[in-house]
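Visitor: The following file, final07.cif, comprises mmCIF, C-alpha atoms:
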data_data
loop_
_atom_site.group_PDB
_atom_site.id
_atom_site.type_symbol
_atom_site.label_atom_id
_atom_site.label_comp_id
_atom_site.auth_asym_id
_atom_site.auth_seq_id
_atom_site.Cartn_x
_atom_site.Cartn_y
_atom_site.Cartn_z
ATOM 1 C CA MET A 1 -49.216 84.822 -28.917
ATOM 2 C CA SER A 2 -45.577 84.767 -28.249
ATOM 3 C CA ARG A 3 -43.671 81.676 -27.309
ATOM 4 C CA LYS A 4 -40.441 81.325 -25.483
ATOM 5 C CA TYR A 5 -37.637 79.136 -26.682
ATOM 6 C CA GLU A 6 -34.235 78.199 -25.455
ATOM 7 C CA LEU A 7 -31.519 77.736 -27.985
ATOM 8 C CA VAL A 8 -28.204 76.168 -27.070
ATOM 9 C CA TYR A 9 -25.508 75.767 -29.647
ATOM 10 C CA VAL A 10 -22.066 74.291 -29.426
ATOM 11 C CA VAL A 11 -19.430 76.075 -31.441
ATOM 12 C CA SER A 12 -16.359 74.283 -32.682
ATOM 13 C CA PRO A 13 -13.310 74.803 -30.453
ATOM 14 C CA GLU A 14 -11.339 76.148 -33.395
ATOM 15 C CA ALA A 15 -13.583 79.173 -33.627
ATOM 16 C CA THR A 16 -12.172 82.439 -32.352
ATOM 17 C CA ASP A 17 -14.022 84.637 -29.909
ATOM 18 C CA GLU A 18 -14.923 86.980 -32.763
ATOM 19 C CA GLN A 19 -16.469 84.133 -34.693
ATOM 20 C CA VAL A 20 -18.562 83.175 -31.693
ATOM 21 C CA ALA A 21 -19.667 86.760 -31.263
ATOM 22 C CA ASP A 22 -20.375 86.900 -34.976
ATOM 23 C CA LEU A 23 -22.649 83.869 -34.719
ATOM 24 C CA HIS A 24 -24.520 85.569 -31.938
ATOM 25 C CA THR A 25 -25.107 88.658 -34.086
ATOM 26 C CA GLN A 26 -26.229 86.423 -36.963
ATOM 27 C CA VAL A 27 -28.826 84.807 -34.744
ATOM 28 C CA GLY A 28 -29.812 88.248 -33.524
ATOM 29 C CA ALA A 29 -30.244 89.408 -37.112
ATOM 30 C CA ILE A 30 -32.609 86.533 -37.936
ATOM 31 C CA VAL A 31 -34.591 87.208 -34.791
ATOM 32 C CA GLN A 32 -34.816 90.887 -35.732
ATOM 33 C CA ARG A 33 -35.837 90.135 -39.289
ATOM 34 C CA ILE A 34 -38.635 87.684 -38.612
ATOM 35 C CA GLY A 35 -39.867 89.441 -35.531
ATOM 36 C CA GLY A 36 -38.899 88.369 -32.059
ATOM 37 C CA GLN A 37 -36.609 89.256 -29.263
ATOM 38 C CA ILE A 38 -33.559 87.803 -27.573
ATOM 39 C CA GLU A 39 -34.321 87.832 -23.899
ATOM 40 C CA LYS A 40 -31.060 86.548 -22.534
ATOM 41 C CA THR A 41 -27.712 85.387 -23.792
ATOM 42 C CA ASP A 42 -25.327 83.310 -21.784
ATOM 43 C CA ASN A 43 -21.938 82.130 -22.910
ATOM 44 C CA TRP A 44 -20.934 79.098 -20.874
ATOM 45 C CA GLY A 45 -17.483 79.209 -22.343
ATOM 46 C CA ARG A 46 -15.391 76.266 -23.356
ATOM 47 C CA ARG A 47 -16.433 72.901 -21.998
ATOM 48 C CA LYS A 48 -15.276 69.395 -22.481
ATOM 49 C CA LEU A 49 -17.729 67.343 -24.522
ATOM 50 C CA ALA A 50 -19.062 64.151 -22.983
ATOM 51 C CA TYR A 51 -18.240 62.351 -26.207
ATOM 52 C CA GLU A 52 -16.412 63.229 -29.379
ATOM 53 C CA ILE A 53 -18.404 64.961 -32.052
ATOM 54 C CA GLY A 54 -16.550 64.590 -35.322
ATOM 55 C CA ARG A 55 -13.100 64.481 -33.694
ATOM 56 C CA HIS A 56 -13.840 67.530 -31.544
ATOM 57 C CA LYS A 57 -13.322 67.030 -27.836
ATOM 58 C CA GLU A 58 -14.273 70.487 -26.648
ATOM 59 C CA GLY A 59 -16.787 73.111 -27.567
ATOM 60 C CA THR A 60 -18.021 76.565 -26.695
ATOM 61 C CA TYR A 61 -21.581 76.549 -25.419
ATOM 62 C CA VAL A 62 -23.877 79.497 -25.944
ATOM 63 C CA LEU A 63 -27.413 79.747 -24.595
ATOM 64 C CA GLU A 64 -29.988 82.169 -25.963
ATOM 65 C CA VAL A 65 -33.491 82.646 -24.645
ATOM 66 C CA ILE A 66 -35.650 83.857 -27.502
ATOM 67 C CA ASP A 67 -39.190 85.210 -27.601
ATOM 68 C CA GLY A 68 -40.775 84.472 -30.920
ATOM 69 C CA GLY A 69 -42.838 82.195 -33.096
ATOM 70 C CA GLY A 70 -42.326 78.768 -34.543
ATOM 71 C CA GLU A 71 -41.427 80.076 -37.982
ATOM 72 C CA LEU A 72 -38.566 82.046 -36.512
ATOM 73 C CA MET A 73 -37.156 79.033 -34.725
ATOM 74 C CA LYS A 74 -37.494 76.955 -37.869
ATOM 75 C CA GLU A 75 -35.387 79.479 -39.728
ATOM 76 C CA ILE A 76 -32.760 79.580 -36.975
ATOM 77 C CA ASP A 77 -32.685 75.790 -36.923
ATOM 78 C CA ARG A 78 -32.156 75.701 -40.676
ATOM 79 C CA ARG A 79 -29.386 78.264 -40.523
ATOM 80 C CA LEU A 80 -27.553 76.552 -37.695
ATOM 81 C CA LYS A 81 -27.766 73.242 -39.510
ATOM 82 C CA VAL A 82 -25.857 74.612 -42.466
ATOM 83 C CA THR A 83 -23.338 76.516 -40.377
ATOM 84 C CA ASP A 84 -20.232 74.360 -40.196
ATOM 85 C CA LEU A 85 -18.895 76.166 -37.165
ATOM 86 C CA VAL A 86 -21.814 74.976 -35.053
ATOM 87 C CA ILE A 87 -21.275 71.336 -34.224
ATOM 88 C CA ARG A 88 -24.479 70.797 -32.237
ATOM 89 C CA HIS A 89 -27.563 72.789 -31.416
ATOM 90 C CA LEU A 90 -30.804 72.289 -29.553
ATOM 91 C CA ILE A 91 -34.006 74.284 -29.532
ATOM 92 C CA VAL A 92 -36.495 73.723 -26.742
ATOM 93 C CA ARG A 93 -39.777 75.464 -26.133
ATOM 94 C CA VAL A 94 -39.904 76.509 -22.506
ATOM 95 C CA ASP A 95 -42.895 78.790 -21.868
ATOM 96 C CA GLU A 96 -45.334 75.964 -21.174
ATOM 97 C CA ASP A 97 -43.036 74.126 -18.786
ATOM 98 C CA GLN A 98 -42.247 77.330 -16.959
ATOM 99 C CA GLY A 99 -45.959 77.962 -16.547
ATOM 100 C CA VAL A 100 -46.407 74.504 -15.059
ATOM 101 C CA VAL A 101 -43.524 75.067 -12.638
ATOM 102 C CA GLU A 102 -44.926 78.394 -11.517
ATOM 103 C CA ARG A 103 -48.365 76.951 -10.976
ATOM 104 C CA THR A 104 -47.006 74.040 -8.908
ATOM 105 C CA ARG A 105 -44.974 76.419 -6.768
ATOM 106 C CA ALA A 106 -47.916 78.733 -6.250
ATOM 107 C CA ARG A 107 -50.177 75.841 -5.339
ATOM 108 C CA ARG A 108 -47.660 74.490 -2.867
ATOM 109 C CA THR A 109 -47.121 77.770 -1.025
ATOM 110 C CA GLU A 110 -50.862 78.286 -0.985
ATOM 111 C CA THR A 111 -51.492 74.885 0.621
ATOM 112 C CA THR A 112 -48.781 75.377 3.231
ATOM 113 C CA ARG A 113 -50.175 78.745 4.150
ATOM 114 C CA ARG A 114 -53.695 77.396 4.407
ATOM 115 C CA ARG A 115 -52.576 74.512 6.563
ATOM 116 C CA ARG A 116 -50.562 76.789 8.778
ATOM 117 C CA THR A 117 -53.453 79.150 9.350
ATOM 118 C CA ALA A 118 -55.669 76.157 10.097
ATOM 119 C CA ARG A 119 -53.211 75.228 12.832
ATOM 120 C CA GLY A 120 -53.352 78.776 14.173
ATOM 121 C CA LEU A 121 -49.897 79.757 13.028
ATOM 122 C CA PRO A 122 -48.852 82.801 11.051
ATOM 123 C CA PRO A 123 -49.059 81.922 7.341
ATOM 124 C CA ASP A 124 -45.343 82.243 6.736
ATOM 125 C CA ARG A 125 -42.609 80.322 8.405
ATOM 126 C CA GLN A 126 -40.902 82.318 11.107
ATOM 127 C CA PRO A 127 -37.118 82.335 11.307
ATOM 128 C CA GLY A 128 -35.779 79.727 13.652
ATOM 129 C CA GLU A 129 -39.089 77.951 13.800
ATOM 130 C CA GLY A 130 -39.518 74.237 13.867
ATOM 131 C CA GLN A 131 -37.180 71.522 14.934
ATOM 132 C CA ARG A 132 -34.296 70.100 13.046
ATOM 133 C CA GLY A 133 -36.014 67.786 10.678
ATOM 134 C CA GLU A 134 -34.899 64.689 8.901
ATOM 135 C CA LEU A 135 -34.092 66.724 5.847
ATOM 136 C CA ASP A 136 -31.444 68.726 7.668
ATOM 137 C CA ASP A 137 -29.562 65.573 8.466
ATOM 138 C CA ASP A 138 -26.096 65.853 7.021
ATOM 139 C CA ARG A 139 -25.691 62.129 7.015
ATOM 140 C CA ASP A 140 -28.773 61.709 4.893
ATOM 141 C CA ASP A 141 -28.198 58.562 2.919
ATOM 142 C CA ARG A 142 -31.631 58.092 1.426
ATOM 143 C CA PHE A 143 -30.294 58.509 -2.061
ATOM 144 C CA ASP A 144 -27.114 56.601 -1.615
ATOM 145 C CA LEU A 145 -26.994 53.785 -4.048
ATOM 146 C CA GLY A 146 -26.512 50.225 -3.075
ATOM 147 C CA GLU A 147 -23.727 48.117 -4.419
ATOM 148 C CA GLU A 148 -25.890 46.738 -7.160
ATOM 149 C CA VAL A 149 -25.373 49.755 -9.389
ATOM 150 C CA ARG A 150 -21.789 50.525 -8.590
ATOM 151 C CA MET B 1 -24.657 49.167 2.071
ATOM 152 C CA ASN B 2 -26.017 45.949 0.719
ATOM 153 C CA GLY B 3 -29.296 46.459 2.506
ATOM 154 C CA ARG B 4 -31.144 47.485 -0.634
ATOM 155 C CA ARG B 5 -30.716 44.298 -2.506
ATOM 156 C CA GLY B 6 -33.654 42.153 -3.484
ATOM 157 C CA PHE B 7 -36.483 44.487 -2.615
ATOM 158 C CA GLY B 8 -39.637 42.469 -1.965
ATOM 159 C CA GLY B 9 -40.068 39.014 -3.383
ATOM 160 C CA GLY B 10 -39.427 38.292 -7.001
ATOM 161 C CA GLY B 11 -37.933 34.889 -6.361
ATOM 162 C CA GLY B 12 -34.633 34.077 -7.994
ATOM 163 C CA GLY B 13 -31.312 35.280 -6.731
ATOM 164 C CA SER B 14 -31.143 32.317 -4.417
ATOM 165 C CA GLY B 15 -29.301 33.055 -1.268
ATOM 166 C CA ARG B 16 -28.058 36.464 -2.264
ATOM 167 C CA GLY B 17 -30.596 38.563 -0.431
ATOM 168 C CA LYS B 18 -30.724 36.418 2.637
ATOM 169 C CA PRO B 19 -30.798 38.167 5.955
ATOM 170 C CA ALA B 20 -27.688 38.089 8.016
ATOM 171 C CA ALA B 21 -26.853 34.899 9.854
ATOM 172 C CA GLY B 22 -28.756 34.452 13.071
ATOM 173 C CA GLN B 23 -32.080 35.579 11.676
ATOM 174 C CA GLN B 24 -34.199 32.527 11.085
ATOM 175 C CA ALA B 25 -36.059 32.483 7.827
ATOM 176 C CA LYS B 26 -39.182 30.359 7.615
ATOM 177 C CA ASP B 27 -39.001 27.698 4.917
ATOM 178 C CA GLY B 28 -36.800 29.629 2.550
ATOM 179 C CA GLN B 29 -38.808 32.806 2.721
ATOM 180 C CA ARG B 30 -36.513 35.765 3.053
ATOM 181 C CA ARG B 31 -37.348 38.163 5.794
ATOM 182 C CA PRO B 32 -36.695 41.619 4.434
ATOM 183 C CA MET B 33 -34.120 43.495 6.379
ATOM 184 C CA PHE B 34 -34.903 46.913 7.609
ATOM 185 C CA ARG B 35 -34.722 49.253 4.723
ATOM 186 C CA ARG B 36 -35.266 52.935 4.689
ATOM 187 C CA ARG B 37 -38.206 53.838 2.543
ATOM 188 C CA LYS B 38 -37.067 55.283 -0.734
ATOM 189 C CA VAL B 39 -38.278 58.784 -1.401
ATOM 190 C CA CYS B 40 -38.412 60.637 -4.670
ATOM 191 C CA LYS B 41 -35.554 63.100 -4.536
ATOM 192 C CA PHE B 42 -37.416 65.718 -6.520
ATOM 193 C CA CYS B 43 -40.538 65.518 -4.379
ATOM 194 C CA ALA B 44 -38.545 65.627 -1.162
ATOM 195 C CA ASP B 45 -36.353 68.560 -2.171
ATOM 196 C CA LYS B 46 -39.251 70.299 -3.929
ATOM 197 C CA ILE B 47 -37.428 70.566 -7.213
ATOM 198 C CA ASP B 48 -40.130 71.414 -9.740
ATOM 199 C CA ASP B 49 -37.952 72.093 -12.694
ATOM 200 C CA ILE B 50 -35.759 69.259 -13.932
ATOM 201 C CA ASN B 51 -33.527 71.118 -16.296
ATOM 202 C CA TYR B 52 -31.258 69.635 -18.925
ATOM 203 C CA LYS B 53 -28.672 72.354 -18.322
ATOM 204 C CA ASP B 54 -28.070 71.376 -14.732
ATOM 205 C CA VAL B 55 -25.567 68.582 -15.225
ATOM 206 C CA ARG B 56 -24.640 68.443 -11.552
ATOM 207 C CA MET B 57 -28.210 67.515 -10.707
ATOM 208 C CA LEU B 58 -28.537 64.907 -13.462
ATOM 209 C CA MET B 59 -25.239 63.130 -12.949
ATOM 210 C CA PRO B 60 -26.334 60.986 -9.972
ATOM 211 C CA PHE B 61 -29.024 59.509 -12.212
ATOM 212 C CA VAL B 62 -26.651 58.317 -14.916
ATOM 213 C CA PRO B 63 -24.279 55.978 -13.132
ATOM 214 C CA GLU B 64 -21.138 54.460 -14.592
ATOM 215 C CA ARG B 65 -22.447 52.972 -17.816
ATOM 216 C CA ALA B 66 -24.294 56.244 -18.455
ATOM 217 C CA LYS B 67 -27.671 54.556 -18.486
ATOM 218 C CA VAL B 68 -30.663 56.178 -16.867
ATOM 219 C CA LEU B 69 -30.952 54.948 -13.321
ATOM 220 C CA PRO B 70 -34.171 52.926 -13.021
ATOM 221 C CA ARG B 71 -36.939 54.043 -10.745
ATOM 222 C CA ARG B 72 -36.809 50.893 -8.693
ATOM 223 C CA ILE B 73 -33.344 51.847 -7.518
ATOM 224 C CA SER B 74 -33.519 55.617 -7.244
ATOM 225 C CA GLY B 75 -37.072 55.672 -5.883
ATOM 226 C CA THR B 76 -38.014 58.587 -8.094
ATOM 227 C CA CYS B 77 -41.748 58.971 -8.629
ATOM 228 C CA ALA B 78 -43.236 58.337 -12.071
ATOM 229 C CA MET B 79 -43.800 61.963 -12.950
ATOM 230 C CA HIS B 80 -40.299 63.032 -12.028
ATOM 231 C CA GLN B 81 -38.714 60.031 -13.693
ATOM 232 C CA ARG B 82 -40.398 61.057 -16.933
ATOM 233 C CA LYS B 83 -39.136 64.605 -16.620
ATOM 234 C CA LEU B 84 -35.722 63.342 -15.677
ATOM 235 C CA ARG B 85 -35.638 61.172 -18.774
ATOM 236 C CA THR B 86 -36.363 64.061 -21.132
ATOM 237 C CA ALA B 87 -33.801 66.188 -19.355
ATOM 238 C CA ILE B 88 -31.172 63.471 -19.688
ATOM 239 C CA MET B 89 -31.971 62.940 -23.351
ATOM 240 C CA ARG B 90 -31.625 66.643 -24.050
ATOM 241 C CA ALA B 91 -28.376 66.879 -22.138
ATOM 242 C CA ARG B 92 -27.077 63.916 -24.098
ATOM 243 C CA ALA B 93 -27.888 65.539 -27.405
ATOM 244 C CA LEU B 94 -25.722 68.479 -26.373
ATOM 245 C CA ALA B 95 -22.853 66.266 -25.234
ATOM 246 C CA LEU B 96 -23.249 67.399 -21.637
ATOM 247 C CA ILE B 97 -23.825 63.797 -20.568
ATOM 248 C CA PRO B 98 -22.466 60.737 -22.359
ATOM 249 C CA TYR B 99 -24.693 58.252 -24.154
ATOM 250 C CA THR B 100 -22.402 55.484 -23.082
ATOM 251 C CA SER B 101 -19.049 55.065 -21.475
ATOM 252 C CA GLU B 102 -16.864 53.040 -23.780
#
I need this file expressed as structure tokens, please.
Guide:
Amino acid sequence: MSRKYELVYVVSPEATDEQVADLHTQVGAIVQRIGGQIEKTDNWGRRKLAYEIGRHKEGTYVLEVIDGGGELMKEIDRRLKVTDLVIRHLIVRVDEDQGVVERTRARRTETTRRRRTARGLPPDRQPGEGQRGELDDDRDDRFDLGEEVR
Amino acid sequence: MNGRRGFGGGGGGSGRGKPAAGQQAKDGQRRPMFRRRKVCKFCADKIDDINYKDVRMLMPFVPERAKVLPRRISGTCAMHQRKLRTAIMRARALALIPYTSE
């Protein structure tokens, strides 16, 4: 059974683009070796850090979505820990949460459709149907915070 | 917008949450002013996935001191507050959100 993980790592701002690309190939090599697959790679580019990490104020963020087992992620975690160029990394398992999200969405659309048919309407919302609801209100201040937190 | 202060009873805070002048309060009991019912943002907007990568979405829930905004103020439901908390903690680990502001 394959699991899906998200790996985000922050590369030191001193690293060149080649070094960042090199890190990506290194991760790819581990994934290849232990058996898995990189599903998606996303370079967020240079971002300001919310706080200093060992005198660094910026970092390059890279996201990788990896299909593989726990052993593979353990190895990647170990490797990233010893890589000095990577100042922070995070591995999160996502397949289960994604499943939950999909199921909630499916259940919700199903209920709406059932309710709509019960009311004698076509199951899907027609364009231009319904009145302007409270949610369309531009001046919606439900989530405005009172003074107490400002 | 000071209408949200002193939700319900809870005693204390003498005088602060009093209704505006003109409204008579019976023997010190504060009459709550009209307050819009708080709704969980994630339930209302049908956001199922509270993701640690979406800093724009998380930022309203970490005001000023970078603490997690309590449920009693934001009105978030228990389930979503839990998910929000994990998302914020993950974002903090990656320095996307501060742990504290000085």
Visitor: What gap, in Å, lies between atom CA of A:Gly59 and atom CA of A:Asp42?
Guide: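 Pair atom CA of A:Gly59 / atom CA of A:Asp42 returns 14.5 Å.
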Visitor: Would you compute the box with edges along x, y and z of the file around stretch 85-99 of chain B, including every atom the file lists for it and 6 Å extra on each side, and give its centre and edge lengths in Å to one decimal, as AutoDock Vina command-line options?
Guide:
--center_x -29.4 --center_y 63.4 --center_z -23.1 --size_x 25.9 --size_y 22.2 --size_z 20.6
Visitor: Near chain A, meaning an atom within 10 Å, which residues of chain B appear when counting all atoms listed in the file? Write them as a ChimeraX atom specification.
Guide: /B:1-6,35-41,44-50,53,60,63-65,69,73-76,90-102
Visitor: Report, in Å with one decimal, the straight-line distance from atom CA of A:Val31 to atom CA of A:Ile76.
Guide: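 Taking atom CA of A:Val31 and atom CA of A:Ile76, their separation equals 8.1 Å.
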Visitor: So the first atom is atom CA of A:Arg46 and the second is atom CA of A:Gln26; what is the distance between them in Å, to one decimal place?
Guide: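 Going from atom CA of A:Arg46 over to atom CA of A:Gln26 covers 20.1 Å.
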Visitor: Tell me which protein, DNA and RNA residues are within 12 Å of A:Thr41, counting all atoms listed in the file, leaving out same-chain ones fewer than 3 positions away, and put them as number ranges by chain.
Guide: A: 6-9, 21, 24-25, 27-28, 37-38, 44, 61-66
Visitor: Write a file for stretch 82-94 of chain B of the given structure; include all heavy atoms and format it as a short mmCIF file (atom, residue, chain, number, x, y, z; two decimals), in the first residue's frame.
Guide:
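This went into selection10.cif:
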data_model
loop_
_atom_site.label_atom_id
_atom_site.label_comp_id
_atom_site.auth_asym_id
_atom_site.auth_seq_id
_atom_site.Cartn_x
_atom_site.Cartn_y
_atom_site.Cartn_z
N ARG B 82 -9.32 22.55 15.81
CA ARG B 82 -8.28 21.53 15.94
C ARG B 82 -7.42 21.46 14.69
O ARG B 82 -6.20 21.44 14.74
CB ARG B 82 -8.91 20.16 16.19
CG ARG B 82 -8.92 19.79 17.62
CD ARG B 82 -9.33 18.37 17.88
NE ARG B 82 -10.29 17.75 17.00
CZ ARG B 82 -11.60 17.71 17.21
NH1 ARG B 82 -12.12 18.27 18.26
NH2 ARG B 82 -12.39 17.10 16.36
N LYS B 83 -8.11 21.45 13.53
CA LYS B 83 -7.36 21.37 12.28
C LYS B 83 -6.53 22.63 12.07
O LYS B 83 -5.41 22.57 11.57
CB LYS B 83 -8.32 21.16 11.12
CG LYS B 83 -8.97 19.82 11.19
CD LYS B 83 -9.78 19.51 9.98
CE LYS B 83 -10.27 18.08 10.07
NZ LYS B 83 -11.26 17.78 9.04
N LEU B 84 -7.12 23.73 12.46
CA LEU B 84 -6.43 25.01 12.32
C LEU B 84 -5.15 25.01 13.16
O LEU B 84 -4.10 25.46 12.74
CB LEU B 84 -7.37 26.12 12.79
CG LEU B 84 -6.87 27.55 12.72
CD1 LEU B 84 -6.70 27.96 11.29
CD2 LEU B 84 -7.85 28.48 13.40
N ARG B 85 -5.27 24.45 14.36
CA ARG B 85 -4.13 24.42 15.26
C ARG B 85 -2.98 23.63 14.66
O ARG B 85 -1.84 24.09 14.63
CB ARG B 85 -4.54 23.81 16.60
CG ARG B 85 -3.57 24.07 17.71
CD ARG B 85 -4.05 23.41 18.97
NE ARG B 85 -3.48 22.08 19.07
CZ ARG B 85 -2.50 21.75 19.91
NH1 ARG B 85 -2.02 22.64 20.71
NH2 ARG B 85 -2.03 20.54 19.94
N THR B 86 -3.27 22.44 14.13
CA THR B 86 -2.19 21.66 13.52
C THR B 86 -1.59 22.41 12.35
O THR B 86 -0.37 22.42 12.18
CB THR B 86 -2.66 20.28 13.03
OG1 THR B 86 -4.01 20.37 12.65
CG2 THR B 86 -2.46 19.23 14.08
N ALA B 87 -2.46 23.03 11.55
CA ALA B 87 -1.95 23.76 10.40
C ALA B 87 -1.03 24.88 10.83
O ALA B 87 0.04 25.09 10.26
CB ALA B 87 -3.11 24.31 9.58
N ILE B 88 -1.42 25.59 11.89
CA ILE B 88 -0.60 26.71 12.36
C ILE B 88 0.72 26.19 12.91
O ILE B 88 1.79 26.74 12.64
CB ILE B 88 -1.37 27.53 13.43
CG1 ILE B 88 -2.50 28.30 12.76
CG2 ILE B 88 -0.44 28.50 14.14
CD1 ILE B 88 -3.41 29.02 13.73
N MET B 89 0.67 25.08 13.63
CA MET B 89 1.90 24.54 14.19
C MET B 89 2.86 24.10 13.10
O MET B 89 4.08 24.29 13.21
CB MET B 89 1.59 23.37 15.13
CG MET B 89 0.89 23.86 16.38
SD MET B 89 0.91 22.71 17.75
CE MET B 89 0.34 21.22 17.02
N ARG B 90 2.31 23.53 12.03
CA ARG B 90 3.17 23.11 10.92
C ARG B 90 3.77 24.32 10.22
O ARG B 90 4.95 24.34 9.88
CB ARG B 90 2.37 22.28 9.92
CG ARG B 90 2.16 20.88 10.41
CD ARG B 90 1.24 20.14 9.50
NE ARG B 90 0.97 18.80 10.02
CZ ARG B 90 0.06 17.99 9.52
NH1 ARG B 90 -0.67 18.38 8.49
NH2 ARG B 90 -0.12 16.81 10.03
N ALA B 91 2.93 25.31 10.00
CA ALA B 91 3.42 26.53 9.32
C ALA B 91 4.49 27.22 10.16
O ALA B 91 5.45 27.78 9.62
CB ALA B 91 2.26 27.47 9.06
N ARG B 92 4.34 27.13 11.48
CA ARG B 92 5.34 27.74 12.35
C ARG B 92 6.67 27.02 12.23
O ARG B 92 7.73 27.65 12.21
CB ARG B 92 4.88 27.69 13.79
CG ARG B 92 3.97 28.81 14.18
CD ARG B 92 3.52 28.56 15.59
NE ARG B 92 2.71 29.65 16.10
CZ ARG B 92 2.04 29.55 17.24
NH1 ARG B 92 2.09 28.44 17.93
NH2 ARG B 92 1.34 30.57 17.66
N ALA B 93 6.61 25.70 12.17
CA ALA B 93 7.84 24.93 12.09
C ALA B 93 8.63 25.31 10.84
O ALA B 93 9.85 25.25 10.83
CB ALA B 93 7.53 23.44 12.08
N LEU B 94 7.92 25.71 9.80
CA LEU B 94 8.59 26.06 8.54
C LEU B 94 8.87 27.56 8.43
O LEU B 94 9.21 28.04 7.36
CB LEU B 94 7.72 25.64 7.36
CG LEU B 94 7.73 24.15 7.04
CD1 LEU B 94 6.69 23.85 5.99
CD2 LEU B 94 9.09 23.72 6.55
#
